[in-house]
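> Please read through the structure below; I'll follow up with questions.
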Protein chains: 2
Amino acid sequence: MKVALLGHGVVGRGVDQILSSRDLGVEVTRILELPGRLDDGRMTSDYEDILGDGQIELVVECMGGLEPAHGYILSALAAGKSVVTSNKAVVAAYLDEFASQARFSRASLLIEATCGGGVPWIASIEKARRIDRISSIGGIMNGTTNFIVDAMEREGAEFADVLARAQELGYAERDPSADIDGIDVRNKTAIAASVAFGCACRTDIPTSGIRNLTKADLDLLASRGLSLRLLGRAVQEGGRFAASVEPVVLGHRALEANVPGNFNLLSLVGETVGELGFYGQGAGSLPTGNAMVQDILDFRDGRRPSYDLSADLAYDPGLLRGDYLLRSGLAPEGSEEWAPGVSLLRGLSAEEARATLDRVLGADPTSFMAVLDARG
Amino acid sequence: MKVALLGHGVVGRGVDQILSSRDLGVEVTRILELPGRLDDGRMTSDYEDILGDGQIELVVECMGGLEPAHGYILSALAAGKSVVTSNKAVVAAYLDEFASQARFSRASLLIEATCGGGVPWIASIEKARRIDRISSIGGIMNGTTNFIVDAMEREGAEFADVLARAQELGYAERDPSADIDGIDVRNKTAIAASVAFGCACRTDIPTSGIRNLTKADLDLLASRGLSLRLLGRAVQEGGRFAASVEPVVLGHRALEANVPGNFNLLSLVGETVGELGFYGQGAGSLPTGNAMVQDILDFRDGRRPSYDLSADLAYDPGLLRGDYLLRSGLAPEGSEEWAPGVSLLRGLSAEEARATLDRVLGADPTSFMAVLDARG
């Protein structure tokens with residue numbers, strides 16, 4: 001089977017290396033790269049060379065970013081070529097359009113590597129759906145923020161120090177906003193919810209990160225036997241759905257509270273199978289490359305995922321509701337004191353909580369909020 | 001697609017119910033049952049009716065036990081029919097023979113439900129092997145014993161009281177030996193190691209259970225920040241392999257130490273994907289039925305697993321080595337005192353540890369042993 005790579009950066013080279021060092025019956029015959037970087041006989045900077053190559057069945061997108069990735073994926077699908085991608089931003093934004101084009105062109109879209117690195121979560125959600133209605137998905141979806149929170153907790157370190165170390169180790173980008181503000185988790189939550197519920201999950205879900213988390217916050221929680229993790233969550237019930245990304249307070253013995261370093265823990269709940277969890281390295285060129293090669297081999301072996309996102313689920317933010325802790329110079333009216341400087345706000349939806357946080361951030365930009373008793 | 005069930009007990013009825021209540025394109029046309037229990041038009045007590053039915057592609061064995069399950073599976077495979085089974089005892093004992101017959105007859109053997117209930121562990125091991133050499137597999141493989149240890153730890157209860165409760169809840173059999181002595185885990189470890197390493201893993205691996213575990217043992221560990229779980233483990237290295245089943249002492253923050261109730265946590269380590277873990281209910285008719293139906297649907301969708309167990313790996317028990325804690329009235333020569341009545345034995349292989357335990361059990365039948373610092 002002949003495939004083309006779009007991009008030959010860290011992930012693209014990882015995929016190329018795994019494929020070329022093993023006898024898998026898959027050959028990379030074309031690689032799209034920038035005009036100044038064509039240092040390999042397979043490389044071209046003209047995408048038409050790939051679209052027009054009738055021998056190429058599969059296009060493996062390793063570029064990242066919204067454009068030109070969006071246009072490249074669409075035109076590959078329109079040309080009847082199937083697509084493997086690890087690009088969560090473009091898939092979260094355009095999954096509905098891609099899925100529709102793929103069905104029309106009888107091509108496939110394979111997106112395992114968009115969520116959870118080498119963890120086979122998307123394929124497991126698809127597999128569970130063959131039998132079960134899935135009522136919820138969620139978990140630790142971002143290795144960078146888990147590395148930060150875990151190190152802060154274990155070492156009693158401050159956010160800025162651990163972030164700097166994560167950047168040195170290559171776990172965090174120079175601009176870490178997408179990770180620490182929850183954008184990356186938001187994209188993954190939207191993708192996984194869309195696959196799990198068969199609806200086009202919106203990406204403008206309530207999203208809070210860990211930018212303002214302090215050692216003192218974690219010390220206070222620890223003194224009460226509690227821990228904290230950044231979780232993406234989505235639920236469906238009675239024709240409605242909701243999703244959120246936010247820091248969640250957990251008991252010390254919760255499985256999520258014990259996920260170390262840059263690992264992910266992703267789960268689903270199905271009718272007959274109950275709760276299923278999947279644990280592994282959520283990022284890194286080898287796990288991500290591994291996930292892309294697994295999708296390539298699934299395609300080689302005849303798997304042809306097709307996403308039907310036509311379920312007419314109403315967005316109902318009230319489905320995700322909990323008691324919230326807010327550490328802020330400003331105590332909102334009607335809140336109880338949970339600890340000095342920390343208010344308890346009962347029974348907010350994730351959307352109401354995010355709106356409250358936005359209000360107090362104006363007065364105290366260091367404010368931090370987390371859901372204490374996550375329900376739904 | 002037409003399938004036959006062998007047995008219509010709890011698991012068989014679960015499979016029947018999942019298949020008949022969903023539009024999956026799979027029809028149960030024959031069910032083998034005992035002569036006195038033929039209360040359904042599909043039932044027969046004559047296996048020839050099923051073997052001779054050319055329309056049946058797949059035989060789903062839900063009987064358990066070694067015979068007649070062994071003979072029934074072999075003759076189905078010999079007749080060119082593929083087999084789905086959850087019977088870990090018969091698969092652990094005869095996987096090599098079944099795999100060889102299946103290859104010869106161009107039939108398939110699907111064994112997801114033998115390990116980890118609804119957790120897709122075997123399929124994940126197979127999938128990982130497409131790319132990676134797997135260096136180890138292991139984890140919490142028995143829900144009954146995990147329920148017991150978890151409840152003893154959380155509630156400070158004694159073994160016998162929790163076992164009685166597990167029996168009331170239906171988590172433990174009236175004769176719980178297969179669970180609490182590690183036999184069930186031994187079978188699953190042998191099956192998973194065979195699939196992971198491509199060798200016929202022997203079943204006479206060193207096996208210790210939790211029959212003699214006391215509240216005082218767990219209290220002592222807890223006082224030092226430690227916990228305990230019954231783990232199956234297997235490793236391969238340089239053309240050799242080893243496997244064991246034994247209680248393993250873990251730090252309080254180890255993921256395994258925080259697996260609650262009757263859940264399993266199964267893992268593998270691969271070259272490029274790193275550590276992957278899978279979490280879910282390890283037993284129960286719905287999760288087990290779910291795993292069998294997933295295998296049936298995989299077969300419907302064209303998956304044809306074939307096990308090549310020809311890897312010539314030498315059994316080398318020295319690959320699994322650690323420091324052991326022994327609580328016994330008898331302190332073996334050369335051991336250090338770890339706590340009053342508890343000896344520390346350094347650098348034993350799992351086989352040497354089991355032999356030591358056998359020796360002291362003669363003098364003190366309440367002796368209990370666990371590996372403190374599991375390596376390999």
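Ordered as shown in the structure tokens, chains take letters A, B, and onward, while each chain numbers its residues from 1 and ligands are numbered from 1 in the order shown.
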If you count only C-alpha atoms, which residues fall within 12 Å of range 325-339 of chain B, apart from same-chain ones fewer than 6 positions away, as a ChimeraX atom specification?
/B:212-214,216-218,220-221,223-224,228,246-249,345-348,353-374
> Would you save the residues from that selection as a short mmCIF file (atom, residue, chain, number, x, y, z; two decimals), in the first residue's frame, using C-alpha atoms?

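Result written to result_24.cif:
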```
data_model
loop_
_atom_site.label_atom_id
_atom_site.label_comp_id
_atom_site.auth_asym_id
_atom_site.auth_seq_id
_atom_site.Cartn_x
_atom_site.Cartn_y
_atom_site.Cartn_z
CA ASN B 212 -3.36 -15.92 54.16
CA LEU B 213 -3.51 -12.11 53.90
CA THR B 214 -4.62 -10.48 57.19
CA ALA B 216 -2.62 -6.84 60.38
CA ASP B 217 -0.49 -7.35 57.24
CA LEU B 218 -2.25 -4.46 55.48
CA LEU B 220 1.68 -2.81 58.81
CA LEU B 221 2.11 -1.90 55.13
CA SER B 223 1.90 2.37 58.44
CA ARG B 224 4.82 2.59 55.99
CA LEU B 228 -0.75 -4.42 48.15
CA GLU B 246 1.96 -13.06 43.46
CA PRO B 247 0.93 -10.35 45.92
CA VAL B 248 2.97 -7.23 45.14
CA VAL B 249 3.62 -4.39 47.60
CA LEU B 345 14.52 -11.74 51.85
CA ARG B 346 16.60 -9.95 49.24
CA GLY B 347 16.98 -10.72 45.56
CA LEU B 348 14.86 -13.86 45.19
CA ALA B 353 10.23 -17.10 46.70
CA ARG B 354 7.49 -19.64 46.04
CA ALA B 355 9.79 -22.49 47.13
CA THR B 356 10.66 -20.60 50.33
CA LEU B 357 6.97 -20.03 51.04
CA ASP B 358 6.24 -23.73 50.51
CA ARG B 359 8.94 -24.60 53.06
CA VAL B 360 7.69 -22.25 55.79
CA LEU B 361 4.01 -23.10 55.19
CA GLY B 362 4.81 -26.59 56.51
CA ALA B 363 5.86 -25.09 59.86
CA ASP B 364 3.38 -22.17 59.95
CA PRO B 365 0.36 -22.65 57.65
CA THR B 366 -0.66 -19.00 58.16
CA SER B 367 2.52 -17.64 56.53
CA PHE B 368 2.10 -14.90 53.92
CA MET B 369 4.59 -13.60 51.38
CA ALA B 370 4.64 -10.63 49.01
CA VAL B 371 7.22 -9.08 46.73
CA LEU B 372 8.33 -5.70 48.05
CA ASP B 373 10.35 -4.24 45.25
CA ALA B 374 9.23 -5.94 42.08
#
```
> Just list as a PyMOL selection string whatever in range 134-367 of chain A DSSP marks as alpha helix (DSSP H).
chain A and resi 143-155+159-169+177-180+183-197+215-223+285-300+350-363
> Distance table requested - chain B against chain A, cut-off 7 Å, only C-alpha atoms: one row per qualifying residue with the closest atom pair and its distance in Å to one decimal, ordered by chain and rising residue number, as CSV.

```
residue,atom,partner,partner_atom,distance
B:Gly118,CA,A:Val273,CA,5.7
B:Val119,CA,A:Leu276,CA,6.7
B:Arg253,CA,A:Asn258,CA,5.6
B:Ala254,CA,A:Asn258,CA,6.7
B:Leu255,CA,A:Asn258,CA,5.8
B:Asn258,CA,A:Arg253,CA,5.6
B:Val259,CA,A:Leu255,CA,6.7
B:Thr272,CA,A:Leu286,CA,5.4
B:Val273,CA,A:Pro287,CA,4.7
B:Glu275,CA,A:Gly280,CA,5.7
B:Leu276,CA,A:Gly280,CA,4.6
B:Gly277,CA,A:Tyr279,CA,4.5
B:Phe278,CA,A:Phe278,CA,4.7
B:Tyr279,CA,A:Gly277,CA,4.5
B:Gly280,CA,A:Leu276,CA,4.6
B:Leu286,CA,A:Thr272,CA,5.4
B:Pro287,CA,A:Val273,CA,4.7
B:Asn290,CA,A:Val273,CA,6.0
```
> Just N, CA and C atoms for this one: save the residues we selected as an mmCIF file, in the first residue's frame.

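File part_9.cif, as written:
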```cif
data_model
loop_
_atom_site.group_PDB
_atom_site.id
_atom_site.type_symbol
_atom_site.label_atom_id
_atom_site.label_comp_id
_atom_site.auth_asym_id
_atom_site.auth_seq_id
_atom_site.Cartn_x
_atom_site.Cartn_y
_atom_site.Cartn_z
ATOM 1 N N GLY B 118 -14.818 -7.141 30.043
ATOM 2 C CA GLY B 118 -15.089 -6.246 28.924
ATOM 3 C C GLY B 118 -13.909 -5.395 28.496
ATOM 4 N N VAL B 119 -12.773 -5.557 29.141
ATOM 5 C CA VAL B 119 -11.601 -4.725 28.829
ATOM 6 C C VAL B 119 -10.924 -5.260 27.565
ATOM 7 N N ARG B 253 0.532 5.614 45.923
ATOM 8 C CA ARG B 253 0.145 6.382 44.746
ATOM 9 C C ARG B 253 0.325 5.606 43.453
ATOM 10 N N ALA B 254 0.697 4.336 43.544
ATOM 11 C CA ALA B 254 0.732 3.522 42.327
ATOM 12 C C ALA B 254 -0.689 3.385 41.794
ATOM 13 N N LEU B 255 -0.824 3.407 40.484
ATOM 14 C CA LEU B 255 -2.151 3.320 39.887
ATOM 15 C C LEU B 255 -2.867 2.051 40.356
ATOM 16 N N ASN B 258 -4.793 1.908 43.564
ATOM 17 C CA ASN B 258 -6.014 2.698 43.647
ATOM 18 C C ASN B 258 -7.134 2.170 42.759
ATOM 19 N N VAL B 259 -6.986 0.932 42.314
ATOM 20 C CA VAL B 259 -8.053 0.300 41.526
ATOM 21 C C VAL B 259 -9.089 -0.246 42.503
ATOM 22 N N THR B 272 7.614 1.425 21.006
ATOM 23 C CA THR B 272 7.329 2.803 20.597
ATOM 24 C C THR B 272 6.153 3.385 21.370
ATOM 25 N N VAL B 273 5.195 2.544 21.770
ATOM 26 C CA VAL B 273 3.994 3.085 22.413
ATOM 27 C C VAL B 273 4.208 3.285 23.914
ATOM 28 N N GLU B 275 4.138 2.422 27.892
ATOM 29 C CA GLU B 275 3.186 1.682 28.723
ATOM 30 C C GLU B 275 1.764 2.046 28.335
ATOM 31 N N LEU B 276 0.938 1.021 28.115
ATOM 32 C CA LEU B 276 -0.495 1.221 27.868
ATOM 33 C C LEU B 276 -1.258 0.456 28.934
ATOM 34 N N GLY B 277 -2.277 1.086 29.532
ATOM 35 C CA GLY B 277 -3.075 0.411 30.545
ATOM 36 C C GLY B 277 -4.545 0.396 30.156
ATOM 37 N N PHE B 278 -5.263 -0.615 30.642
ATOM 38 C CA PHE B 278 -6.673 -0.801 30.313
ATOM 39 C C PHE B 278 -7.419 -1.137 31.590
ATOM 40 N N TYR B 279 -8.486 -0.423 31.839
ATOM 41 C CA TYR B 279 -9.171 -0.445 33.128
ATOM 42 C C TYR B 279 -10.647 -0.748 32.907
ATOM 43 N N GLY B 280 -11.221 -1.644 33.682
ATOM 44 C CA GLY B 280 -12.649 -1.911 33.554
ATOM 45 C C GLY B 280 -13.061 -3.070 34.432
ATOM 46 N N LEU B 286 -22.535 -9.187 32.158
ATOM 47 C CA LEU B 286 -22.645 -8.169 31.110
ATOM 48 C C LEU B 286 -21.281 -7.819 30.513
ATOM 49 N N PRO B 287 -20.247 -7.479 31.335
ATOM 50 C CA PRO B 287 -18.940 -7.215 30.728
ATOM 51 C C PRO B 287 -18.385 -8.417 29.957
ATOM 52 N N ASN B 290 -20.373 -8.763 26.854
ATOM 53 C CA ASN B 290 -19.956 -7.689 25.953
ATOM 54 C C ASN B 290 -18.686 -8.066 25.207
#
```
> Determine, counting only C-alpha atoms, which protein, DNA and RNA residues have an atom within 7 Å of an atom of Leu313 in chain A; residues of the same chain fewer than 4 positions away are not included. Present the result as number ranges by chain.
A: 199, 239-241
> Which residue gives the smallest distance to Gly52 in chain A among A:Ile180, A:Val28, A:Ala4, A:Ala193, with only C-alpha atoms counted?
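Between A:Ile180, A:Val28, A:Ala4, A:Ala193, the residue approaching Gly52 in chain A most closely is A:Ala4.
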> Please list as a ChimeraX atom specification every residue within 7 Å of Ala102 in chain A, counting only C-alpha atoms and excluding residues in the same chain fewer than 6 positions away.
/A:77,108-109
> Would you kindly return, as a ChimeraX atom specification, each protein, DNA or RNA residue with an atom no farther than 9 Å from any atom of Lys88 in chain B, considering only C-alpha atoms and excluding same-chain residues fewer than 2 positions away?
/B:64-65,85-86,90-93,111,113-115,184,187-188,191
> What does the distance between CA of Gly322 in chain A and CA of Val195 in chain A come to in Å, to one decimal place?
25.2 Å
> Between CA of Gly198 in chain A and CA of Arg229 in chain A, what is the spacing in Å?
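Spanning CA of Arg229 in chain A to CA of Gly198 in chain A is a straight-line distance of 27.1 Å.
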